[in-house]
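One structure below.
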Amino acid sequence: MQPMSSPVPRPFAPRERTRSGAPTVLVVGNPNAGKTTIFNRLTGLSQKVGNYPGVTVEKKEGERAIDGLTMRFVDLPGTYSLAAHSPDEMVAVDVLLGHQEGEPGPDLVLQIVDASNLERNLYLLSQVLELGVPVVVALNMMDIARARGIAIDAAGLSRRLGVPVVPVEGHRGRGMAELERSIARALRSPAGGRAAGAGAPPAACREPADVAGSDGPVSPPRPGAFPLDAGMEARLARLHDELAPAFEKARGRGLHSFEVLRAVVDRGGLAERRLSDALGAGCLERIEAVRRGAGGSTPLPALEARLRYAWVRQHLDGCVSRHGGPGVTWSERIDRVLTHRFLGLTIFAALMLLVFQSIFAWARPIMDAIDGAFAALGGGVEALLPEGALRSLLSDGVIAGVGMVVVFLPQILILFFFIGLLEDCGYMARAAFLMDKVMQKCGLSGKSFIPMLSGFACAVPGIMATRVIEDRRDRFATILVTPLMSCSARLPVYAIFIGTFIPRRDVIPGVLGLQAFTLFALYGLGITTAVAMAWLFRKTLLRGAKAPFVLELPSYKWPSVRGVLLRLYDRARAFLLRAGTTILAIAIVVWALAYFPRSPEIGAEIREERERILREAPEGAEMQALLAALEAREGGAYLRDSFFGRAGQAVEPVFRPLGWDWRISMAALASFPAREVIVATLGTIFGLGGEAGEESQALRDSLRRAAWPDSDPAMGGAPLFSVPAALSIMVFFALCCQCGATVATIRRETSSWGWAWFAFGYMTVLAYAGALVTYQVGMMF
């Protein structure tokens with residue numbers, strides 16, 4: 001099949017603007033073209049982040065008034081082509097066509113193109129122009145183009161394309177005022193700035209042709225950049241007419257001719273799959289018949305690429321010139337070091353160590369300050385209100401629950417600050433390239449490494465960082481295994497049990513102690529299990545062909561401080577408003593289970609004992625110590641009699657094979673919202689109050705003295721905590737997803753409670769099995 005010299009125009013109907021209210025401007029472009037930077041410039045703090053209905057693709061939008069016209073901007077996922085092979089690419093197509101649920105059709109498309117790589121970027125533009133949607137082109141990264149000796153005649157290119165073309169430098173804000181004026185003019189234009197067609201044979205770039213200037217309407221209808229012969233166009237039209245009625249009946253909307261074209265050209269793509277899902281496998285035979293009718297030896301995708309790039313080169317001819325030879329750019333010189341087989345990995349390891357250290361250590365003072373502030377607030381509430389359910393709800397439920405969420409914020413901000421800097425300067429793509437070979441062995445890609453690394457500090461920002469992974473299967477697999485990394489919240493658990501029950505002796509004299517080796521082994525257990533589970537998920541639940549790891553290495557540039565700060569604001573707001581509200585609800589539920597019912601018998605007994613102490617004990621330190629011990633005993637008694645305590649005793653037979661009694665079982669259950677809660681819970685259970693910490697010598701002594709009840713037929717009087725029992729507890733906490741914030745974040749990032757509960761479920765099974773093997777094997781020695 002060969003293109004005709006006078007092809008038949010494809011019937012892509014332009015959208016009519018029938019809505020009232022703010023017009024919608026879609027921001028589209030290739031990845032790394034600076035799309036999000038310009039979107040941030042246009043919208044500032046007015047951004048809202050969510051997900052498109054029915055899919056997990058993130059949706060970012062914001063409003064802005066320009067020249068008295070309020071308009072709504074929507075940042076679409078970056079894509080190289082409208083040949084959709086992933087959900088985010090399909091969302092981009094659907095939104096452009098006005099078919100995405102909950103998203104009105106566009107009034108204008110703002111396409112961001114990389115001025116230093118126009119040939120590749122205009123490929124996507126050639127497809128967008130054929131949709132009949134008004135277009136304004138932002139010629140971004142002009143400074144990089146100039147540095148490479150590339151000169152661009154923007155006005156001439158505008159005349160060639162028939163749409164406004166505005167040079168800008170998004171990260172510096174240069175040219176943004178003119179871009180905003182061009183957007184407003186295009187929206188106010190009777191034609192909406194629409195390119196009625198794209199791809200007419202270009203006139204000389206500086207010759208006045210019968211096309212619009214950079215600010216006016218556009219040229220007459222043109223055949224497009226992908227002209228097909230009349231027979232092929234007729235077959236496409238017939239196929240559309242045959243499928244459209246049934247598709248509309250099945251999906252409740254019309255079928256766009258662009259969707260039919262994409263289904264025919266993109267074998268195995270999402271457009272073909274969507275038609276098959278709606279109309280049955282029979283439509284695939286019709287699509288295949290049209291493909292066979294194309295004839296010729298060149299496959300349709302290859303033919304499309306050849307014709308579109310020919311169209312691009314025609315339109316750039318005479319509008320773009322290069323001074324001097326291509327030479328070696330400074331980005332390429334830097335890459336000789338940063339992507340070197342050995343030096344690159346060394347530098348990457350140093351950078352990751354810096355990021356890890358900052359998340360792990362630098363955030364601690366701020367987290368402690370936040371924790372102290374909420375503790376002081378809770379203490380103030382307790383001082384103002386009389387003892388009772390309301391005081392406990394506010395101090396232990398609401399304030400403690402909110403504090404438990406906010407305390408993660410410094411780690412999230414530090415992580416995304418570094419990610420923002422590394423992404424904006426162009427290094428993050430190099431990091432993914434370096435780690436790809438390692439991650440491929442467990443079924444993932446290089447982009448999974450950084451989220452998993454950050455999981456050592458906190459799984460919440462690690463899971464949020466998986467947004468950089470485009471492939472859904474890789475992203476979901478990474479989300480599911482990131483909580484297996486031993487986060488900072490596990491350290492108090494490790495500290496109390498290693499310090500109390502693991503002997504202080506050397507494994508390697510003078511070099512490695514047994515306690516340090518145990519801690520190292522627990523971290524290694526998480527890493528090994530994560531790698532194994534990632535491989536298993538990619539072979540079973542998330543089975544599918546590995547997505548080709550095609551990676552663009554963008555030019556290095558100075559990061560946009562404004563863009564990085566906006567990203568921090570966006571992530572902080574999303575975390576606090578979404579995950580925070582869920583965790584607050586969980587914390588209140590757990591408080592209620594641990595508080596009720598309040599037994600009057602326990603209250604009467606404690607009051608009687610308190611009165612006796614006040615009456616008989618000498619005033620001073622001795623009386624205060626007795627009252628403190630009584631208060632701790634009261635808390636333990638109420639907790640044992642609460643719904644949580646009863647649940648612990650009910651499930652004791654389940655955990656008994658792990659070497660746990662009901663007290664350990666209850667502590668494990670109580671630690672679901674946050675695993676480090678087990679330390680304070682053990683303090684309460686063993687009569688030391690909820691303020692006991694992992695460094696508390698009194699708690700360690702109490703744990704050593706703890707024994708099985710004398711009434712126990714098998715273990716009566718024996719120590720409750722042996723080395724195998726302590727190891728089983730640590731293994732359980734190393735593998736179990738006992739973190740409400742993590743579960744809520746998985747739900748948010750996957751848009752499904754099903755995935756969240758699956759992660760919690762499979763990790764709980766792993767934790768139980770690991771603890772069971774650890775205890776039973778340990779008791780053999």
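Chain labels A, B, ... are given in the sequence in which chains occur in the structure tokens; within each chain residues are numbered consecutively from 1, and ligands are likewise numbered from 1 in the order shown.
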
Next item on the list: Might you pull out every residue within 8 Å of segment 563-565 of chain A, with only C-alpha atoms counted and same-chain residues fewer than 4 positions away left off, and present them as a list in words?
Entry: Thr37, Asn40, Arg41, His171, Phe417, Gly420, Leu421, Pro559 and Tyr569 of chain A

Those residues with N, CA and C atoms, as a PDB file, in the first residue's frame please?
```pdb
ATOM      1  N   THR A  37       6.365  21.359  34.288  1.00  0.00           N
ATOM      2  CA  THR A  37       6.923  22.652  34.699  1.00  0.00           C
ATOM      3  C   THR A  37       6.056  23.802  34.206  1.00  0.00           C
ATOM      4  N   ASN A  40       2.760  23.835  36.063  1.00  0.00           N
ATOM      5  CA  ASN A  40       2.920  24.462  37.370  1.00  0.00           C
ATOM      6  C   ASN A  40       2.986  25.979  37.256  1.00  0.00           C
ATOM      7  N   ARG A  41       3.648  26.474  36.220  1.00  0.00           N
ATOM      8  CA  ARG A  41       3.707  27.918  36.008  1.00  0.00           C
ATOM      9  C   ARG A  41       2.324  28.501  35.758  1.00  0.00           C
ATOM     10  N   HIS A 171      11.372  26.494  32.844  1.00  0.00           N
ATOM     11  CA  HIS A 171      11.988  26.465  34.169  1.00  0.00           C
ATOM     12  C   HIS A 171      12.441  27.840  34.627  1.00  0.00           C
ATOM     13  N   PHE A 417      11.580  16.051  47.970  1.00  0.00           N
ATOM     14  CA  PHE A 417      12.498  17.141  47.650  1.00  0.00           C
ATOM     15  C   PHE A 417      13.669  16.604  46.828  1.00  0.00           C
ATOM     16  N   GLY A 420      12.407  15.410  43.440  1.00  0.00           N
ATOM     17  CA  GLY A 420      12.144  16.560  42.572  1.00  0.00           C
ATOM     18  C   GLY A 420      13.415  17.137  41.989  1.00  0.00           C
ATOM     19  N   LEU A 421      14.448  17.299  42.829  1.00  0.00           N
ATOM     20  CA  LEU A 421      15.719  17.820  42.327  1.00  0.00           C
ATOM     21  C   LEU A 421      16.339  16.881  41.300  1.00  0.00           C
ATOM     22  N   PRO A 559      17.430  22.529  38.105  1.00  0.00           N
ATOM     23  CA  PRO A 559      16.039  22.275  38.504  1.00  0.00           C
ATOM     24  C   PRO A 559      15.301  23.565  38.812  1.00  0.00           C
ATOM     25  N   TYR A 569       4.378  20.727  47.993  1.00  0.00           N
ATOM     26  CA  TYR A 569       3.068  21.156  48.479  1.00  0.00           C
ATOM     27  C   TYR A 569       1.981  20.182  48.028  1.00  0.00           C
TER      28      TYR A 569
END
```

Note to self: Neighbouring residues of Ala151 of chain A were defined as those with any atom within 8 Å, considering only C-alpha atoms; residues of the same chain fewer than 5 positions away were excluded. Please report them as a PyMOL selection string.
What the structure shows: chain A and resi 145-146+320-323

The selected residues should be written to file as a tab-separated table (two decimals), in the first residue's frame (atoms: C-alpha atoms).
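The result, written out as part-v5.tsv:
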```tsv
chain	number	residue	atom	x	y	z
A	145	ALA	CA	18.41	24.45	21.81
A	146	ARG	CA	20.49	27.64	21.55
A	320	VAL	CA	15.31	25.01	11.78
A	321	SER	CA	19.02	25.40	11.28
A	322	ARG	CA	22.07	24.22	13.19
A	323	HIS	CA	25.25	26.26	13.52
```

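Summary of the local environment: counting only C-alpha atoms, residues at most 12 Å from Asp241 of chain A, other than itself and those fewer than 6 positions away along its chain, are A:Pro11, A:Ala234, A:Arg235, A:Phe247, A:Glu248, A:Gly254, A:Leu255, A:His256, A:Ser257, A:Val260.
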
Next item on the list: Go through A:Leu284, A:Ala621, A:Ile66, A:Leu228 one by one, measure the shortest atom-to-atom distance of each to Arg181 of chain A using only C-alpha atoms, and give the residue with the smallest value.
Entry: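 Selected residue with least distance to Arg181 of chain A: A:Ile66.
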
Item checked: Exercise: Ala376 of chain A partners within 12 Å, only C-alpha atoms, chain neighbours under 6 positions left out, as a list of chain:residue names -> A:Asp368, A:Ala369, A:Ile370, A:Glu382, A:Ala383, A:Ser395, A:Ile399, A:Ala400, A:Gly403

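Here atom CA of Ile729 of chain A is placed at a distance of 28.9 Å from atom CA of Val398 of chain A.
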
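Closest approach to Asp266 of chain A among A:Leu354, A:Ala767, A:Leu658, A:Ala84 is made by A:Ala84 (distances from only C-alpha atoms).
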
Note to self: Taking only C-alpha atoms into account, name the residue in A:Thr24, A:Ala83, A:Val109, A:Pro713 that is nearest to Thr70 of chain A.
What the structure shows: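 Among A:Thr24, A:Ala83, A:Val109, A:Pro713, it is A:Thr24 that comes nearest to Thr70 of chain A.
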
Check: Interatomic distance between atom CA of Leu76 of chain A and atom CA of Ala92 of chain A?
Finding: 5.9 Å

Item checked: atom CA of Gln111 of chain A to atom CA of Val28 of chain A, straight-line distance in Å ->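 Between atom CA of Val28 of chain A and atom CA of Gln111 of chain A the gap works out to 4.9 Å.
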
Item checked: Residues within 12 Å of Cys283 of chain A, only C-alpha atoms, excluding chain neighbours under 3 positions, as a ChimeraX atom specification -> /A:239-240,242-244,246-247,260,263-264,272-280,286-290

Do you know which residues are at most 12 Å from Ala489 of chain A counting only C-alpha atoms, after dropping those on the same chain fewer than 5 positions away, and could you put them as a compact mmCIF listing (two decimals) with N, CA, C and O atoms, in the first residue's frame?
```txt
# COMPACT_ATOMS: atom_id res chain seq x y z
N PHE A 360 16.26 8.97 56.86
CA PHE A 360 16.34 8.17 58.07
C PHE A 360 16.74 9.00 59.29
O PHE A 360 16.22 8.81 60.38
N ARG A 364 14.42 12.91 61.69
CA ARG A 364 14.11 12.51 63.06
C ARG A 364 13.87 13.68 64.00
O ARG A 364 12.89 13.67 64.76
N MET A 404 -0.14 10.63 64.50
CA MET A 404 0.48 9.45 63.90
C MET A 404 0.63 9.61 62.39
O MET A 404 1.55 9.07 61.78
N VAL A 407 3.30 12.88 61.66
CA VAL A 407 4.70 12.60 61.99
C VAL A 407 5.46 12.04 60.79
O VAL A 407 6.68 12.16 60.71
N PHE A 408 4.76 11.46 59.80
CA PHE A 408 5.43 10.95 58.60
C PHE A 408 5.77 12.07 57.61
O PHE A 408 6.54 11.85 56.68
N GLY A 455 11.78 2.76 50.99
CA GLY A 455 10.98 1.99 51.93
C GLY A 455 11.72 1.65 53.20
O GLY A 455 11.10 1.36 54.23
N PHE A 456 13.06 1.71 53.20
CA PHE A 456 13.82 1.48 54.42
C PHE A 456 13.58 2.58 55.44
O PHE A 456 13.72 2.36 56.64
N ALA A 457 13.25 3.77 54.98
CA ALA A 457 12.91 4.86 55.90
C ALA A 457 11.44 4.79 56.26
O ALA A 457 11.07 4.82 57.43
N CYS A 458 10.59 4.70 55.25
CA CYS A 458 9.14 4.62 55.49
C CYS A 458 8.49 4.11 54.23
O CYS A 458 8.77 4.60 53.13
N ALA A 459 7.61 3.14 54.37
CA ALA A 459 6.96 2.56 53.20
C ALA A 459 6.01 3.54 52.53
O ALA A 459 5.76 3.45 51.33
N VAL A 460 5.49 4.51 53.30
CA VAL A 460 4.50 5.43 52.74
C VAL A 460 5.09 6.27 51.61
O VAL A 460 4.58 6.26 50.49
N PRO A 483 6.54 -2.54 51.20
CA PRO A 483 6.39 -2.63 52.67
C PRO A 483 7.23 -3.71 53.32
O PRO A 483 7.32 -3.73 54.55
N TYR A 494 12.79 -4.05 66.93
CA TYR A 494 14.05 -4.77 66.92
C TYR A 494 14.89 -4.40 68.15
O TYR A 494 15.53 -5.26 68.77
N ALA A 495 14.91 -3.12 68.50
CA ALA A 495 15.77 -2.64 69.59
C ALA A 495 15.39 -3.28 70.92
O ALA A 495 16.27 -3.74 71.67
N SER A 671 -0.90 -3.27 67.43
CA SER A 671 0.11 -2.54 66.65
C SER A 671 -0.26 -2.42 65.18
O SER A 671 0.57 -1.98 64.38
N PHE A 672 -1.48 -2.79 64.80
CA PHE A 672 -1.85 -2.67 63.38
C PHE A 672 -1.76 -1.23 62.88
O PHE A 672 -1.19 -0.98 61.83
N PRO A 673 -2.30 -0.22 63.58
CA PRO A 673 -2.20 1.13 63.03
C PRO A 673 -0.76 1.59 62.86
O PRO A 673 -0.44 2.32 61.94
N ALA A 674 0.13 1.20 63.78
CA ALA A 674 1.55 1.56 63.69
C ALA A 674 2.32 0.53 64.49
O ALA A 674 2.12 0.39 65.69
N ARG A 675 3.24 -0.18 63.83
CA ARG A 675 3.88 -1.34 64.47
C ARG A 675 4.69 -0.97 65.71
O ARG A 675 4.84 -1.77 66.62
N GLU A 676 5.21 0.28 65.77
CA GLU A 676 5.98 0.63 66.95
C GLU A 676 5.12 0.77 68.19
O GLU A 676 5.64 0.86 69.32
N VAL A 677 3.79 0.75 68.03
CA VAL A 677 2.88 0.82 69.17
C VAL A 677 3.09 -0.37 70.10
O VAL A 677 2.76 -0.30 71.30
N ILE A 678 3.67 -1.46 69.60
CA ILE A 678 3.84 -2.65 70.43
C ILE A 678 4.67 -2.35 71.67
O ILE A 678 4.45 -2.93 72.75
N VAL A 679 5.62 -1.42 71.59
CA VAL A 679 6.48 -1.13 72.72
C VAL A 679 5.65 -0.54 73.86
O VAL A 679 5.71 -0.99 75.00
N GLU A 694 11.65 1.80 73.93
CA GLU A 694 12.51 0.66 73.65
C GLU A 694 13.79 0.69 74.48
O GLU A 694 14.48 -0.32 74.60
N PHE A 733 7.18 -9.16 62.78
CA PHE A 733 7.10 -7.72 62.52
C PHE A 733 7.91 -7.32 61.30
O PHE A 733 7.60 -6.33 60.65
N ALA A 734 8.95 -8.07 60.97
CA ALA A 734 9.74 -7.77 59.77
C ALA A 734 8.94 -8.01 58.50
O ALA A 734 9.13 -7.32 57.49
N CYS A 737 2.53 -6.43 57.44
CA CYS A 737 2.18 -5.05 57.07
C CYS A 737 1.33 -4.43 58.18
O CYS A 737 0.14 -4.16 58.00
N GLN A 738 1.96 -4.21 59.34
CA GLN A 738 1.24 -3.64 60.47
C GLN A 738 1.41 -2.13 60.48
O GLN A 738 2.10 -1.57 61.33
N CYS A 739 0.78 -1.48 59.54
CA CYS A 739 0.89 -0.03 59.44
C CYS A 739 -0.34 0.49 58.70
O CYS A 739 -0.50 0.25 57.49
N ALA A 741 -1.06 3.52 57.89
CA ALA A 741 -0.70 4.50 56.86
C ALA A 741 -0.30 3.80 55.57
O ALA A 741 -0.63 4.26 54.47
N THR A 742 0.41 2.67 55.68
CA THR A 742 0.83 1.94 54.48
C THR A 742 -0.37 1.36 53.76
O THR A 742 -0.49 1.47 52.52
```

Note to self: So that I can check the surroundings of Leu766 of chain A, please list as a list of chain:residue names every protein, DNA and RNA residue that reaches within 8 Å of it, counting only C-alpha atoms and ignoring chain neighbours fewer than 3 positions away.
What the structure shows: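 Using only C-alpha atoms, the neighbours found are A:Leu735, A:Cys736, A:Tyr762, A:Met763, A:Ala769, A:Gly770.
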
Could you please take those selected residues and save N, CA, C and O atoms as a JSON list (two decimals), in the first residue's frame?
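The resulting again-v9.json:
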```json
[["chain", "number", "residue", "atom", "x", "y", "z"],
["A", 735, "LEU", "N", 8.01, -8.96, 58.53],
["A", 735, "LEU", "CA", 7.31, -9.37, 57.32],
["A", 735, "LEU", "C", 5.85, -8.92, 57.28],
["A", 735, "LEU", "O", 5.24, -8.95, 56.20],
["A", 736, "CYS", "N", 5.29, -8.51, 58.39],
["A", 736, "CYS", "CA", 3.86, -8.18, 58.43],
["A", 736, "CYS", "C", 3.63, -6.71, 58.11],
["A", 736, "CYS", "O", 4.43, -5.84, 58.49],
["A", 762, "TYR", "N", -1.36, -11.07, 52.31],
["A", 762, "TYR", "CA", -0.24, -11.95, 51.94],
["A", 762, "TYR", "C", 0.94, -11.74, 52.87],
["A", 762, "TYR", "O", 1.66, -12.69, 53.22],
["A", 763, "MET", "N", 1.15, -10.49, 53.32],
["A", 763, "MET", "CA", 2.25, -10.24, 54.24],
["A", 763, "MET", "C", 1.98, -10.84, 55.62],
["A", 763, "MET", "O", 2.91, -11.29, 56.30],
["A", 769, "ALA", "N", 3.96, -17.55, 58.82],
["A", 769, "ALA", "CA", 4.77, -18.71, 58.43],
["A", 769, "ALA", "C", 6.22, -18.53, 58.86],
["A", 769, "ALA", "O", 6.85, -19.47, 59.38],
["A", 770, "GLY", "N", 6.77, -17.32, 58.65],
["A", 770, "GLY", "CA", 8.15, -17.08, 59.05],
["A", 770, "GLY", "C", 8.35, -17.19, 60.55],
["A", 770, "GLY", "O", 9.33, -17.78, 61.02]]
```

Next item on the list: Could you give me, as an MDAnalysis selection string, each residue of segment 279-386 of chain A that DSSP assigns to alpha helix (DSSP H) when run on this structure's backbone?
Entry: chainID A and resid 279 282:294 300:316 330:338 343:357 363:384

Note to self: My list of candidates is A:Glu611, A:Leu353, A:Leu161, A:Arg430. Which is closest to Glu130 of chain A when distances are computed with only C-alpha atoms?
What the structure shows: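 Checking each candidate against Glu130 of chain A, we get A:Leu161 as the closest.
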